[in-house]
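Chemist: Structure incoming, see below.
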Amino acid sequence: MHTLSNKNDILTVGSRQFKSRLLVGTGKYKDLQETGMAIRASGAEIVTVAIRRTNIGQNPGEPNLLDVIPLDEFTILPNTAGCFNATDAVRTCKLARELLDGHNLVKLEVLGDEKTLYPNVVHTLQAAEELIKDGFEVMVYTSDDLIIAKELEDMGCVAVMPLAAPIGSGLGIQNKYNILSIVENAKVPIIVDAGVGTASDATLAMELGCDGVLMNTAIAAAKNPVLMASAMRKGIEAGREAFLAGRMPRKRYASASSPIDGTFF
């Protein structure tokens with residue numbers, strides 16, 4: 001029987017463990033102050049950073065993201081956003097490892113199309129294999145394809161991250177049956193990545209049994225990002241609790257909340 005406890009309901013990703021199941025990005029905020037406030041409101045422990053677009057020390061003299069999300073409070077998840085081939089993605093991960101003193105947990109994404117930002121699964125598979133052989137713990141962005149997800153798991157990725165909808169679209173989960181099939185066949189964490197628009201989208205992902213949700217635009221592009229970050233935190237927690245509780249079966253007909261059997265009149 002499932003029981004919920006904030007102390008023992010832990011998300012394990014590779015060699016690391018986390019209490020929060022909400023992962024957040026750092027792009028599109030108006031400034032670093034808003035970035036830091038929103039991330040703290042989200043309760044996230046894992047913060048993903050686009051190494052090609054964000055300064056985490058490689059550009060001395062410029063504002064440094066680590067000033068608002070210090071390494072002693074957050075796990076930085078370098079990502080390969082903006083890479084369109086395996087070679088660039090692998091190079092970016094190696095740069096991140098150097099910048100973060102040997103940090104080996106990375107989010108791999110290799111894009112195939114500039115308009116949809118849909119993943120190139122051929123280059124994703126190639127890059128994942130190379131990174132795993134080089135000692136990286138790879139969390140991988142991919143399509144909502146059951147076969148590809150299983151292939152990435154089998155080669156050694158520590159988490160598989162299927163899209164719910166195109167990056168930044170806010171459309172929510174467009175094919176929940178694909179996501180459900182991936183979850184049911186996985187032995188590593190399945191984390192929905194891309195497409196979430198509001199808290200109910202995050203809740204649905206968790207109710208389907210996903211282990212977490214990664215988002216950026218849904219928070220950063222909200223009219224009040226800090227408030228939306230708080231809403232997302234609660235949506236993730238509610239969805240996780242609902243999944244662990246086990247929902248009632250769906251029925252076509254009514255079932256009285258107060259049974260009439262045994263009534264006196």
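Please note that chains go A, B, ... in the order of the structure tokens, that every chain numbers its residues from 1, and that ligands are numbered from 1 in the order shown.
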I'd like the contact shell of segment 203-211 of chain A - 10 Å cut-off, only C-alpha atoms, skipping same-chain residues fewer than 3 positions apart - returned as a ChimeraX atom specification.
Modeler: /A:10-13,21-22,159,161,164,172-173,176-177,179-184,188-192,196,198-200,232-247
Chemist: Segment 1-82 of chain A: which residues are helix (DSSP H, G or I) by DSSP, as JSON, numbers by chain?
Modeler: {"A": [32, 33, 34, 35, 36, 37, 38, 39, 40, 41, 42, 65, 66, 67]}
Chemist: Residues of the last selection are to be written out with C-alpha atoms, as an mmCIF file, in the first residue's frame.
Modeler:
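Heads up, here's the output in again_26.cif:
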```
data_model
loop_
_atom_site.group_PDB
_atom_site.id
_atom_site.type_symbol
_atom_site.label_atom_id
_atom_site.label_comp_id
_atom_site.auth_asym_id
_atom_site.auth_seq_id
_atom_site.Cartn_x
_atom_site.Cartn_y
_atom_site.Cartn_z
ATOM 1 C CA LEU A 32 18.221 37.804 -11.923
ATOM 2 C CA GLN A 33 16.291 39.022 -8.887
ATOM 3 C CA GLU A 34 12.994 37.761 -10.310
ATOM 4 C CA THR A 35 14.715 34.528 -11.317
ATOM 5 C CA GLY A 36 15.871 33.897 -7.773
ATOM 6 C CA MET A 37 12.524 34.792 -6.197
ATOM 7 C CA ALA A 38 10.561 32.524 -8.533
ATOM 8 C CA ILE A 39 12.916 29.582 -8.064
ATOM 9 C CA ARG A 40 12.666 29.857 -4.293
ATOM 10 C CA ALA A 41 8.872 30.112 -4.457
ATOM 11 C CA SER A 42 8.790 26.924 -6.552
ATOM 12 C CA LEU A 65 23.383 33.246 -12.148
ATOM 13 C CA LEU A 66 25.062 31.471 -9.243
ATOM 14 C CA ASP A 67 24.757 34.676 -7.220
#
```
Chemist: Skip segment 51-62 of chain A itself and residues of its chain fewer than 3 positions away, then list as an NGL selection string all residues within 7 Å of it, counting only C-alpha atoms.
Modeler: :A and (65-66 or 78-80 or 92 or 96)
Chemist: Please write the residues from the selection above to a file, keeping N, CA and C atoms, as a compact mmCIF listing (two decimals), in the first residue's frame.
Modeler:
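And here is the file that came out, again_38.txt:
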```txt
# COMPACT_ATOMS: atom_id res chain seq x y z
N LEU A 65 24.60 33.89 -12.64
CA LEU A 65 23.38 33.25 -12.15
C LEU A 65 23.59 32.61 -10.78
N LEU A 66 24.79 32.16 -10.50
CA LEU A 66 25.06 31.47 -9.24
C LEU A 66 25.00 32.41 -8.05
N PRO A 78 23.11 21.46 -15.76
CA PRO A 78 23.47 22.06 -17.04
C PRO A 78 22.71 21.38 -18.18
N ASN A 79 22.23 22.18 -19.13
CA ASN A 79 21.54 21.59 -20.28
C ASN A 79 22.17 22.06 -21.58
N THR A 80 21.84 21.34 -22.63
CA THR A 80 22.45 21.60 -23.94
C THR A 80 21.50 22.33 -24.88
N THR A 92 29.27 20.75 -25.07
CA THR A 92 28.65 21.64 -24.09
C THR A 92 28.62 20.99 -22.71
N ALA A 96 30.45 22.31 -19.22
CA ALA A 96 29.74 22.45 -17.95
C ALA A 96 30.46 21.71 -16.83
```
Chemist: Among segment 30-143 of chain A, which ones does DSSP place in strand (DSSP E), written as a PyMOL selection string?
Modeler: chain A and resi 46-50+75-79+105-108+137-142
Chemist: Would you put the residues from that selection into a file with N, CA, C and O atoms, as a PDB file, in the first residue's frame?
Modeler:
```
ATOM      1  N   ILE A  46      16.352  21.189  -8.052  1.00  0.00           N
ATOM      2  CA  ILE A  46      17.116  21.062  -9.289  1.00  0.00           C
ATOM      3  C   ILE A  46      16.780  22.243 -10.186  1.00  0.00           C
ATOM      4  O   ILE A  46      15.611  22.489 -10.497  1.00  0.00           O
ATOM      5  N   VAL A  47      17.801  22.968 -10.596  1.00  0.00           N
ATOM      6  CA  VAL A  47      17.617  24.138 -11.461  1.00  0.00           C
ATOM      7  C   VAL A  47      18.440  23.916 -12.725  1.00  0.00           C
ATOM      8  O   VAL A  47      19.663  23.774 -12.662  1.00  0.00           O
ATOM      9  N   THR A  48      17.768  23.894 -13.871  1.00  0.00           N
ATOM     10  CA  THR A  48      18.486  23.634 -15.117  1.00  0.00           C
ATOM     11  C   THR A  48      18.947  24.942 -15.758  1.00  0.00           C
ATOM     12  O   THR A  48      18.238  25.958 -15.726  1.00  0.00           O
ATOM     13  N   VAL A  49      20.145  24.896 -16.317  1.00  0.00           N
ATOM     14  CA  VAL A  49      20.798  26.093 -16.829  1.00  0.00           C
ATOM     15  C   VAL A  49      21.311  25.835 -18.240  1.00  0.00           C
ATOM     16  O   VAL A  49      22.020  24.844 -18.480  1.00  0.00           O
ATOM     17  N   ALA A  50      20.958  26.707 -19.175  1.00  0.00           N
ATOM     18  CA  ALA A  50      21.450  26.597 -20.544  1.00  0.00           C
ATOM     19  C   ALA A  50      22.867  27.140 -20.604  1.00  0.00           C
ATOM     20  O   ALA A  50      23.089  28.352 -20.537  1.00  0.00           O
ATOM     21  N   THR A  75      20.913  22.135  -6.769  1.00  0.00           N
ATOM     22  CA  THR A  75      21.653  21.288  -7.699  1.00  0.00           C
ATOM     23  C   THR A  75      21.499  21.878  -9.087  1.00  0.00           C
ATOM     24  O   THR A  75      20.384  21.957  -9.618  1.00  0.00           O
ATOM     25  N   ILE A  76      22.601  22.335  -9.653  1.00  0.00           N
ATOM     26  CA  ILE A  76      22.570  22.895 -10.992  1.00  0.00           C
ATOM     27  C   ILE A  76      22.552  21.763 -12.011  1.00  0.00           C
ATOM     28  O   ILE A  76      23.343  20.820 -11.926  1.00  0.00           O
ATOM     29  N   LEU A  77      21.621  21.851 -12.955  1.00  0.00           N
ATOM     30  CA  LEU A  77      21.501  20.853 -14.015  1.00  0.00           C
ATOM     31  C   LEU A  77      21.847  21.529 -15.338  1.00  0.00           C
ATOM     32  O   LEU A  77      20.987  22.122 -15.980  1.00  0.00           O
ATOM     33  N   PRO A  78      23.106  21.464 -15.762  1.00  0.00           N
ATOM     34  CA  PRO A  78      23.468  22.059 -17.044  1.00  0.00           C
ATOM     35  C   PRO A  78      22.706  21.382 -18.183  1.00  0.00           C
ATOM     36  O   PRO A  78      22.534  20.159 -18.177  1.00  0.00           O
ATOM     37  N   ASN A  79      22.232  22.177 -19.130  1.00  0.00           N
ATOM     38  CA  ASN A  79      21.541  21.588 -20.276  1.00  0.00           C
ATOM     39  C   ASN A  79      22.166  22.057 -21.582  1.00  0.00           C
ATOM     40  O   ASN A  79      22.912  23.036 -21.618  1.00  0.00           O
ATOM     41  N   LEU A 105      26.097  15.509 -13.558  1.00  0.00           N
ATOM     42  CA  LEU A 105      24.668  15.377 -13.864  1.00  0.00           C
ATOM     43  C   LEU A 105      24.290  16.426 -14.895  1.00  0.00           C
ATOM     44  O   LEU A 105      24.448  17.631 -14.655  1.00  0.00           O
ATOM     45  N   VAL A 106      23.794  15.994 -16.053  1.00  0.00           N
ATOM     46  CA  VAL A 106      23.460  16.926 -17.133  1.00  0.00           C
ATOM     47  C   VAL A 106      22.107  16.585 -17.737  1.00  0.00           C
ATOM     48  O   VAL A 106      21.632  15.449 -17.652  1.00  0.00           O
ATOM     49  N   LYS A 107      21.510  17.598 -18.342  1.00  0.00           N
ATOM     50  CA  LYS A 107      20.295  17.387 -19.129  1.00  0.00           C
ATOM     51  C   LYS A 107      20.662  17.503 -20.602  1.00  0.00           C
ATOM     52  O   LYS A 107      21.084  18.566 -21.071  1.00  0.00           O
ATOM     53  N   LEU A 108      20.490  16.407 -21.300  1.00  0.00           N
ATOM     54  CA  LEU A 108      20.807  16.371 -22.724  1.00  0.00           C
ATOM     55  C   LEU A 108      19.574  16.678 -23.544  1.00  0.00           C
ATOM     56  O   LEU A 108      18.519  16.064 -23.356  1.00  0.00           O
ATOM     57  N   GLU A 137      26.042  11.406 -15.795  1.00  0.00           N
ATOM     58  CA  GLU A 137      24.693  10.935 -15.473  1.00  0.00           C
ATOM     59  C   GLU A 137      23.748  11.772 -16.329  1.00  0.00           C
ATOM     60  O   GLU A 137      23.625  12.987 -16.118  1.00  0.00           O
ATOM     61  N   VAL A 138      23.081  11.124 -17.259  1.00  0.00           N
ATOM     62  CA  VAL A 138      22.354  11.835 -18.302  1.00  0.00           C
ATOM     63  C   VAL A 138      20.848  11.785 -18.067  1.00  0.00           C
ATOM     64  O   VAL A 138      20.244  10.706 -18.019  1.00  0.00           O
ATOM     65  N   MET A 139      20.252  12.965 -17.918  1.00  0.00           N
ATOM     66  CA  MET A 139      18.809  13.124 -17.960  1.00  0.00           C
ATOM     67  C   MET A 139      18.504  13.609 -19.369  1.00  0.00           C
ATOM     68  O   MET A 139      19.100  14.594 -19.823  1.00  0.00           O
ATOM     69  N   VAL A 140      17.587  12.956 -20.068  1.00  0.00           N
ATOM     70  CA  VAL A 140      17.502  13.185 -21.504  1.00  0.00           C
ATOM     71  C   VAL A 140      16.114  13.613 -21.962  1.00  0.00           C
ATOM     72  O   VAL A 140      15.114  12.949 -21.684  1.00  0.00           O
ATOM     73  N   TYR A 141      16.073  14.737 -22.669  1.00  0.00           N
ATOM     74  CA  TYR A 141      14.847  15.242 -23.310  1.00  0.00           C
ATOM     75  C   TYR A 141      14.599  14.463 -24.593  1.00  0.00           C
ATOM     76  O   TYR A 141      15.510  14.291 -25.416  1.00  0.00           O
ATOM     77  N   THR A 142      13.367  14.014 -24.772  1.00  0.00           N
ATOM     78  CA  THR A 142      13.070  13.217 -25.960  1.00  0.00           C
ATOM     79  C   THR A 142      11.609  13.370 -26.345  1.00  0.00           C
ATOM     80  O   THR A 142      10.834  14.074 -25.686  1.00  0.00           O
TER      81      THR A 142
END
```
Chemist: Neighbouring residues of Glu130 of chain A were defined as those with any atom within 12 Å, considering only C-alpha atoms; residues of the same chain fewer than 3 positions away were excluded. Please report them as JSON, numbers by chain.
Modeler: {"A": [86, 87, 89, 90, 91, 93, 94, 108, 123, 124, 125, 126, 127, 133, 134, 135, 136, 137, 138, 155, 156, 157]}
Chemist: What does the distance from atom CA of Glu98 of chain A to atom CA of Leu71 of chain A come to in Å, to one decimal?
Modeler: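 Between atom CA of Glu98 of chain A and atom CA of Leu71 of chain A the gap is 14.7 Å.
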Chemist: Please, what distance in Å, to one decimal, runs between atom CA of Arg16 of chain A and atom CA of Ile69 of chain A?
Modeler: 18.4 Å
Chemist: Which of these, A:Ser258, A:Ser169, A:Ser143, A:Ser15, has the shortest distance to Asn104 of chain A once you count only C-alpha atoms?
Modeler: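 Selected residue with least distance to Asn104 of chain A: A:Ser15.
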